[in-house]
Amino acid sequence: MAAKRKKSTSSKSRSKAKQADAITLLKADHAEVEKMQKRFKKLVKQDAGAAEREQLAQEICSALTKHAAIEEEIFYPALREALEDDDIVDHADVEHASVKDLIAQIQSMGADDSHFNATVLVLCEYVAHHVEEEEGKMFPKAKKADLDLAALGDELRERKDELPDMAQPGRARRSNGARSRAP
């Protein structure tokens with residue numbers, strides 16, 4: 001029994017030593033959200049039930065909310081301080097604001113609302129564009145900057161673990177089940 005404990009402790013310390021730096025962690029978040037987005041698109045094509053689409057949409061919104069929070073609270077300020085050019089971070093901040101608006105719209109809807117699928121799919125497209133810019137422009141600059149990416153990764157992971165899971169189907173939407181109408 002003691003040998004088993006020792007073995008698990010040593011594997012824990014090994015895995016801790018191999019924990020991802022900030023960029024690897026953020027890219028893993030991107031990949032996780034991309035998988036969920038692909039599943040959502042598949043559900044739409046299959047004309048899946050409202051409950052299943054709504055649950056997945058809420059999971060996407062929760063993952064994006066946590067991801068945006070850790071970037072805005074920790075990664076972006078560190079990058080802003082390390083870079084002499086704030087434009088790339090300012091651009092990301094504006095994109096995050098748009099993503100948050102779409103998330104708020106999705107969370108106020110039910111999956112049976114006429115614009116639910118379209119709103120989630122627009123969110124997916126917008127996030128894909130944002131990820132492309134982060135991974136293609138921002139992350140290479142972060143790698144060249146004077147940043148301790150390993151320490152930032154630890155901070156990001158710790159903060160992400162503190163944030164609540166927001167995925168709750170049926171939260172804060174119209175109770176009468178009314179469908180949205182185009183203006």
# chains A, B, ... in the order shown; residues from 1 in each chain; ligands from 1
$ select_by_dssp --residues "chain A" --states "helix (DSSP H, G or I)" --output "MDAnalysis selection string"
chainID A and resid 2:17 22:45 50:82 87:107 116:144 149:162
$ residues_around --residues "A:Ile103" --least-positions-apart "5" --cutoff "12 Å" --atoms "only C-alpha atoms" --output "PDB file with N, CA and C atoms, in the first residue's frame"
ATOM      1  N   ALA A  57     -24.371  24.160 -26.268  1.00  0.00           N
ATOM      2  CA  ALA A  57     -24.149  25.602 -26.411  1.00  0.00           C
ATOM      3  C   ALA A  57     -23.745  26.221 -25.073  1.00  0.00           C
ATOM      4  N   GLN A  58     -24.380  25.795 -23.993  1.00  0.00           N
ATOM      5  CA  GLN A  58     -24.030  26.318 -22.672  1.00  0.00           C
ATOM      6  C   GLN A  58     -22.619  25.886 -22.274  1.00  0.00           C
ATOM      7  N   GLU A  59     -22.217  24.683 -22.645  1.00  0.00           N
ATOM      8  CA  GLU A  59     -20.851  24.233 -22.366  1.00  0.00           C
ATOM      9  C   GLU A  59     -19.840  25.078 -23.139  1.00  0.00           C
ATOM     10  N   ILE A  60     -20.160  25.381 -24.387  1.00  0.00           N
ATOM     11  CA  ILE A  60     -19.293  26.241 -25.197  1.00  0.00           C
ATOM     12  C   ILE A  60     -19.175  27.614 -24.542  1.00  0.00           C
ATOM     13  N   CYS A  61     -20.311  28.176 -24.150  1.00  0.00           N
ATOM     14  CA  CYS A  61     -20.313  29.498 -23.520  1.00  0.00           C
ATOM     15  C   CYS A  61     -19.513  29.496 -22.218  1.00  0.00           C
ATOM     16  N   SER A  62     -19.654  28.449 -21.434  1.00  0.00           N
ATOM     17  CA  SER A  62     -18.917  28.345 -20.174  1.00  0.00           C
ATOM     18  C   SER A  62     -17.414  28.269 -20.427  1.00  0.00           C
ATOM     19  N   ALA A  63     -17.012  27.426 -21.364  1.00  0.00           N
ATOM     20  CA  ALA A  63     -15.584  27.278 -21.676  1.00  0.00           C
ATOM     21  C   ALA A  63     -15.007  28.600 -22.187  1.00  0.00           C
ATOM     22  N   LEU A  64     -15.751  29.277 -23.041  1.00  0.00           N
ATOM     23  CA  LEU A  64     -15.276  30.558 -23.575  1.00  0.00           C
ATOM     24  C   LEU A  64     -15.221  31.636 -22.496  1.00  0.00           C
ATOM     25  N   THR A  65     -16.176  31.630 -21.590  1.00  0.00           N
ATOM     26  CA  THR A  65     -16.203  32.618 -20.515  1.00  0.00           C
ATOM     27  C   THR A  65     -14.993  32.447 -19.608  1.00  0.00           C
ATOM     28  N   LYS A  66     -14.687  31.205 -19.246  1.00  0.00           N
ATOM     29  CA  LYS A  66     -13.518  30.942 -18.407  1.00  0.00           C
ATOM     30  C   LYS A  66     -12.230  31.323 -19.145  1.00  0.00           C
ATOM     31  N   ALA A  68     -11.792  33.446 -21.645  1.00  0.00           N
ATOM     32  CA  ALA A  68     -11.671  34.901 -21.782  1.00  0.00           C
ATOM     33  C   ALA A  68     -11.249  35.535 -20.459  1.00  0.00           C
ATOM     34  N   HIS A  96     -13.044  40.060 -27.678  1.00  0.00           N
ATOM     35  CA  HIS A  96     -13.630  39.433 -26.494  1.00  0.00           C
ATOM     36  C   HIS A  96     -14.969  40.080 -26.144  1.00  0.00           C
ATOM     37  N   ALA A  97     -15.055  41.387 -26.266  1.00  0.00           N
ATOM     38  CA  ALA A  97     -16.312  42.075 -25.959  1.00  0.00           C
ATOM     39  C   ALA A  97     -17.429  41.584 -26.879  1.00  0.00           C
ATOM     40  N   SER A  98     -17.119  41.387 -28.144  1.00  0.00           N
ATOM     41  CA  SER A  98     -18.116  40.875 -29.086  1.00  0.00           C
ATOM     42  C   SER A  98     -18.516  39.448 -28.756  1.00  0.00           C
ATOM     43  N   SER A 108     -29.559  33.965 -23.030  1.00  0.00           N
ATOM     44  CA  SER A 108     -30.913  34.486 -22.807  1.00  0.00           C
ATOM     45  C   SER A 108     -31.941  33.781 -23.695  1.00  0.00           C
ATOM     46  N   MET A 109     -31.482  32.880 -24.530  1.00  0.00           N
ATOM     47  CA  MET A 109     -32.356  32.173 -25.467  1.00  0.00           C
ATOM     48  C   MET A 109     -32.570  30.735 -25.022  1.00  0.00           C
ATOM     49  N   PHE A 116     -31.453  30.826 -32.377  1.00  0.00           N
ATOM     50  CA  PHE A 116     -30.504  30.168 -31.475  1.00  0.00           C
ATOM     51  C   PHE A 116     -29.347  29.541 -32.247  1.00  0.00           C
ATOM     52  N   THR A 119     -27.101  32.090 -33.927  1.00  0.00           N
ATOM     53  CA  THR A 119     -26.285  32.852 -32.981  1.00  0.00           C
ATOM     54  C   THR A 119     -25.096  32.024 -32.498  1.00  0.00           C
ATOM     55  N   VAL A 120     -25.323  30.758 -32.192  1.00  0.00           N
ATOM     56  CA  VAL A 120     -24.222  29.889 -31.757  1.00  0.00           C
ATOM     57  C   VAL A 120     -23.221  29.704 -32.898  1.00  0.00           C
ATOM     58  N   LEU A 121     -23.718  29.527 -34.115  1.00  0.00           N
ATOM     59  CA  LEU A 121     -22.815  29.329 -35.252  1.00  0.00           C
ATOM     60  C   LEU A 121     -22.002  30.588 -35.551  1.00  0.00           C
ATOM     61  N   VAL A 122     -22.604  31.767 -35.395  1.00  0.00           N
ATOM     62  CA  VAL A 122     -21.851  33.018 -35.568  1.00  0.00           C
ATOM     63  C   VAL A 122     -20.784  33.119 -34.480  1.00  0.00           C
ATOM     64  N   LEU A 123     -21.132  32.747 -33.257  1.00  0.00           N
ATOM     65  CA  LEU A 123     -20.142  32.725 -32.183  1.00  0.00           C
ATOM     66  C   LEU A 123     -18.974  31.813 -32.570  1.00  0.00           C
ATOM     67  N   CYS A 124     -19.291  30.644 -33.092  1.00  0.00           N
ATOM     68  CA  CYS A 124     -18.249  29.698 -33.508  1.00  0.00           C
ATOM     69  C   CYS A 124     -17.325  30.311 -34.558  1.00  0.00           C
ATOM     70  N   TYR A 126     -16.812  33.504 -35.161  1.00  0.00           N
ATOM     71  CA  TYR A 126     -16.086  34.623 -34.572  1.00  0.00           C
ATOM     72  C   TYR A 126     -14.912  34.123 -33.731  1.00  0.00           C
ATOM     73  N   VAL A 127     -15.162  33.083 -32.945  1.00  0.00           N
ATOM     74  CA  VAL A 127     -14.110  32.513 -32.108  1.00  0.00           C
ATOM     75  C   VAL A 127     -13.011  31.907 -32.979  1.00  0.00           C
ATOM     76  N   MET A 166     -20.128  27.538 -15.804  1.00  0.00           N
ATOM     77  CA  MET A 166     -21.331  28.297 -16.108  1.00  0.00           C
ATOM     78  C   MET A 166     -22.370  27.491 -16.885  1.00  0.00           C
ATOM     79  N   ALA A 167     -22.058  26.276 -17.292  1.00  0.00           N
ATOM     80  CA  ALA A 167     -22.965  25.501 -18.146  1.00  0.00           C
ATOM     81  C   ALA A 167     -24.174  25.025 -17.339  1.00  0.00           C
TER      82      ALA A 167
END
$ residues_around --residues "A:Ala31" --least-positions-apart "3" --cutoff "12 Å" --atoms "only C-alpha atoms" --output "PyMOL selection string"
chain A and resi 24-28+34-38+60+63-64+67+127-128+131-132+135
$ atom_distance --atom1 "atom CA of A:Glu73" --atom2 "atom CA of A:Leu147"
15.5 Å
$ residues_around --residues "A:Gly49" --least-positions-apart "5" --cutoff "12 Å" --atoms "only C-alpha atoms" --output "ChimeraX atom specification"
/A:40,42-44,54-56,110-112,117
$ write_last_selection --atoms "N, CA and C atoms" --output "CSV table (one decimal), in the first residue's frame"
chain,number,residue,atom,x,y,z
A,40,PHE,N,-21.4,20.9,-32.2
A,40,PHE,CA,-22.7,21.7,-32.3
A,40,PHE,C,-23.1,21.7,-33.7
A,42,LYS,N,-22.6,19.7,-36.0
A,42,LYS,CA,-23.1,18.3,-36.4
A,42,LYS,C,-24.5,18.2,-35.9
A,43,LEU,N,-24.7,18.6,-34.6
A,43,LEU,CA,-26.1,18.5,-34.1
A,43,LEU,C,-27.1,19.3,-34.9
A,44,VAL,N,-26.7,20.5,-35.3
A,44,VAL,CA,-27.6,21.3,-36.2
A,44,VAL,C,-27.9,20.6,-37.5
A,54,GLU,N,-28.9,22.9,-26.7
A,54,GLU,CA,-28.8,23.9,-25.6
A,54,GLU,C,-27.7,23.5,-24.6
A,55,GLN,N,-27.7,22.3,-24.2
A,55,GLN,CA,-26.6,21.9,-23.3
A,55,GLN,C,-25.2,22.1,-23.8
A,56,LEU,N,-25.0,21.7,-25.1
A,56,LEU,CA,-23.7,21.9,-25.7
A,56,LEU,C,-23.4,23.4,-25.9
A,110,GLY,N,-33.5,30.1,-25.6
A,110,GLY,CA,-33.7,28.7,-25.6
A,110,GLY,C,-33.4,28.1,-26.9
A,111,ALA,N,-33.1,26.9,-27.0
A,111,ALA,CA,-32.7,26.3,-28.3
A,111,ALA,C,-33.8,26.2,-29.3
A,112,ASP,N,-35.0,26.5,-28.8
A,112,ASP,CA,-36.2,26.5,-29.7
A,112,ASP,C,-36.4,27.9,-30.3
A,117,ASN,N,-29.7,28.7,-33.2
A,117,ASN,CA,-28.6,28.0,-33.9
A,117,ASN,C,-27.7,29.0,-34.7
$ residues_around --residues "A:Glu134" --least-positions-apart "5" --cutoff "9 Å" --atoms "only C-alpha atoms" --output "MDAnalysis selection string"
chainID A and resid 88 92 129 139:140
$ closest_residue --among "A:Asp29, A:Leu79, A:Glu52, A:Val94" --to "A:Leu152" --atoms "only C-alpha atoms"
A:Leu79
$ atom_distance --atom1 "atom CA of A:Lys144" --atom2 "atom CA of A:Lys160"
24.6 Å
$ atom_distance --atom1 "atom CA of A:Arg80" --atom2 "atom CA of A:Lys143"
13.2 Å
$ residues_around --residues "A:Asp161" --least-positions-apart "2" --cutoff "12 Å" --atoms "only C-alpha atoms" --output "JSON, numbers by chain"
{"A": [63, 66, 67, 69, 70, 154, 155, 156, 157, 158, 159, 163, 164, 165]}
$ decode --residues "stretch 77-113 of chain A" --atoms "N, CA and C atoms" --output "mmCIF file, in the first residue's frame"
data_model
loop_
_atom_site.group_PDB
_atom_site.id
_atom_site.type_symbol
_atom_site.label_atom_id
_atom_site.label_comp_id
_atom_site.auth_asym_id
_atom_site.auth_seq_id
_atom_site.Cartn_x
_atom_site.Cartn_y
_atom_site.Cartn_z
ATOM 1 N N PRO A 77 -2.736 41.297 -19.649
ATOM 2 C CA PRO A 77 -1.949 42.313 -18.937
ATOM 3 C C PRO A 77 -0.432 42.022 -18.957
ATOM 4 N N ALA A 78 -0.072 40.759 -18.814
ATOM 5 C CA ALA A 78 1.349 40.404 -18.854
ATOM 6 C C ALA A 78 1.932 40.689 -20.236
ATOM 7 N N LEU A 79 1.173 40.359 -21.267
ATOM 8 C CA LEU A 79 1.640 40.601 -22.630
ATOM 9 C C LEU A 79 1.719 42.103 -22.912
ATOM 10 N N ARG A 80 0.719 42.832 -22.463
ATOM 11 C CA ARG A 80 0.696 44.289 -22.663
ATOM 12 C C ARG A 80 1.932 44.922 -22.037
ATOM 13 N N GLU A 81 2.305 44.440 -20.857
ATOM 14 C CA GLU A 81 3.475 44.961 -20.160
ATOM 15 C C GLU A 81 4.776 44.595 -20.885
ATOM 16 N N ALA A 82 4.818 43.400 -21.467
ATOM 17 C CA ALA A 82 6.047 42.928 -22.112
ATOM 18 C C ALA A 82 6.247 43.508 -23.513
ATOM 19 N N LEU A 83 5.148 43.836 -24.192
ATOM 20 C CA LEU A 83 5.246 44.372 -25.549
ATOM 21 C C LEU A 83 5.222 45.892 -25.520
ATOM 22 N N GLU A 84 5.854 46.486 -26.482
ATOM 23 C CA GLU A 84 5.797 47.942 -26.582
ATOM 24 C C GLU A 84 4.608 48.398 -27.408
ATOM 25 N N ASP A 85 3.960 47.477 -28.093
ATOM 26 C CA ASP A 85 2.828 47.775 -28.957
ATOM 27 C C ASP A 85 1.560 47.156 -28.362
ATOM 28 N N ASP A 86 0.634 47.998 -27.932
ATOM 29 C CA ASP A 86 -0.609 47.523 -27.314
ATOM 30 C C ASP A 86 -1.681 47.145 -28.321
ATOM 31 N N ASP A 87 -1.485 47.455 -29.598
ATOM 32 C CA ASP A 87 -2.541 47.251 -30.588
ATOM 33 C C ASP A 87 -3.064 45.820 -30.629
ATOM 34 N N ILE A 88 -2.186 44.844 -30.562
ATOM 35 C CA ILE A 88 -2.609 43.451 -30.668
ATOM 36 C C ILE A 88 -3.493 43.054 -29.474
ATOM 37 N N VAL A 89 -3.175 43.549 -28.300
ATOM 38 C CA VAL A 89 -3.979 43.242 -27.111
ATOM 39 C C VAL A 89 -5.288 44.031 -27.151
ATOM 40 N N ASP A 90 -5.229 45.274 -27.601
ATOM 41 C CA ASP A 90 -6.454 46.065 -27.737
ATOM 42 C C ASP A 90 -7.428 45.381 -28.689
ATOM 43 N N HIS A 91 -6.906 44.884 -29.786
ATOM 44 C CA HIS A 91 -7.727 44.188 -30.784
ATOM 45 C C HIS A 91 -8.394 42.958 -30.154
ATOM 46 N N ALA A 92 -7.630 42.206 -29.395
ATOM 47 C CA ALA A 92 -8.160 41.009 -28.725
ATOM 48 C C ALA A 92 -9.229 41.386 -27.706
ATOM 49 N N ASP A 93 -9.017 42.488 -26.992
ATOM 50 C CA ASP A 93 -10.022 42.952 -26.023
ATOM 51 C C ASP A 93 -11.350 43.261 -26.704
ATOM 52 N N VAL A 94 -11.290 43.910 -27.853
ATOM 53 C CA VAL A 94 -12.506 44.251 -28.593
ATOM 54 C C VAL A 94 -13.204 42.984 -29.081
ATOM 55 N N GLU A 95 -12.424 42.021 -29.568
ATOM 56 C CA GLU A 95 -13.014 40.747 -30.001
ATOM 57 C C GLU A 95 -13.666 40.018 -28.826
ATOM 58 N N HIS A 96 -13.044 40.060 -27.678
ATOM 59 C CA HIS A 96 -13.630 39.433 -26.494
ATOM 60 C C HIS A 96 -14.969 40.080 -26.144
ATOM 61 N N ALA A 97 -15.055 41.387 -26.266
ATOM 62 C CA ALA A 97 -16.312 42.075 -25.959
ATOM 63 C C ALA A 97 -17.429 41.584 -26.879
ATOM 64 N N SER A 98 -17.119 41.387 -28.144
ATOM 65 C CA SER A 98 -18.116 40.875 -29.086
ATOM 66 C C SER A 98 -18.516 39.448 -28.756
ATOM 67 N N VAL A 99 -17.555 38.626 -28.377
ATOM 68 C CA VAL A 99 -17.841 37.242 -27.981
ATOM 69 C C VAL A 99 -18.749 37.233 -26.754
ATOM 70 N N LYS A 100 -18.455 38.095 -25.789
ATOM 71 C CA LYS A 100 -19.282 38.168 -24.576
ATOM 72 C C LYS A 100 -20.719 38.579 -24.909
ATOM 73 N N ASP A 101 -20.881 39.493 -25.864
ATOM 74 C CA ASP A 101 -22.234 39.897 -26.284
ATOM 75 C C ASP A 101 -22.990 38.706 -26.871
ATOM 76 N N LEU A 102 -22.327 37.948 -27.722
ATOM 77 C CA LEU A 102 -22.971 36.769 -28.312
ATOM 78 C C LEU A 102 -23.300 35.728 -27.245
ATOM 79 N N ILE A 103 -22.402 35.536 -26.299
ATOM 80 C CA ILE A 103 -22.660 34.591 -25.208
ATOM 81 C C ILE A 103 -23.889 35.021 -24.413
ATOM 82 N N ALA A 104 -23.983 36.308 -24.115
ATOM 83 C CA ALA A 104 -25.149 36.812 -23.374
ATOM 84 C C ALA A 104 -26.437 36.562 -24.155
ATOM 85 N N GLN A 105 -26.396 36.764 -25.468
ATOM 86 C CA GLN A 105 -27.576 36.495 -26.292
ATOM 87 C C GLN A 105 -27.962 35.016 -26.224
ATOM 88 N N ILE A 106 -26.976 34.149 -26.361
ATOM 89 C CA ILE A 106 -27.228 32.703 -26.334
ATOM 90 C C ILE A 106 -27.806 32.293 -24.989
ATOM 91 N N GLN A 107 -27.252 32.830 -23.918
ATOM 92 C CA GLN A 107 -27.710 32.454 -22.588
ATOM 93 C C GLN A 107 -29.094 33.001 -22.266
ATOM 94 N N SER A 108 -29.559 33.965 -23.030
ATOM 95 C CA SER A 108 -30.913 34.486 -22.807
ATOM 96 C C SER A 108 -31.941 33.781 -23.695
ATOM 97 N N MET A 109 -31.482 32.880 -24.530
ATOM 98 C CA MET A 109 -32.356 32.173 -25.467
ATOM 99 C C MET A 109 -32.570 30.735 -25.022
ATOM 100 N N GLY A 110 -33.543 30.133 -25.631
ATOM 101 C CA GLY A 110 -33.706 28.697 -25.560
ATOM 102 C C GLY A 110 -33.374 28.135 -26.929
ATOM 103 N N ALA A 111 -33.057 26.869 -26.992
ATOM 104 C CA ALA A 111 -32.676 26.255 -28.261
ATOM 105 C C ALA A 111 -33.824 26.228 -29.260
ATOM 106 N N ASP A 112 -35.035 26.454 -28.804
ATOM 107 C CA ASP A 112 -36.171 26.494 -29.720
ATOM 108 C C ASP A 112 -36.405 27.897 -30.290
ATOM 109 N N ASP A 113 -35.636 28.880 -29.837
ATOM 110 C CA ASP A 113 -35.739 30.223 -30.406
ATOM 111 C C ASP A 113 -35.257 30.200 -31.855
#
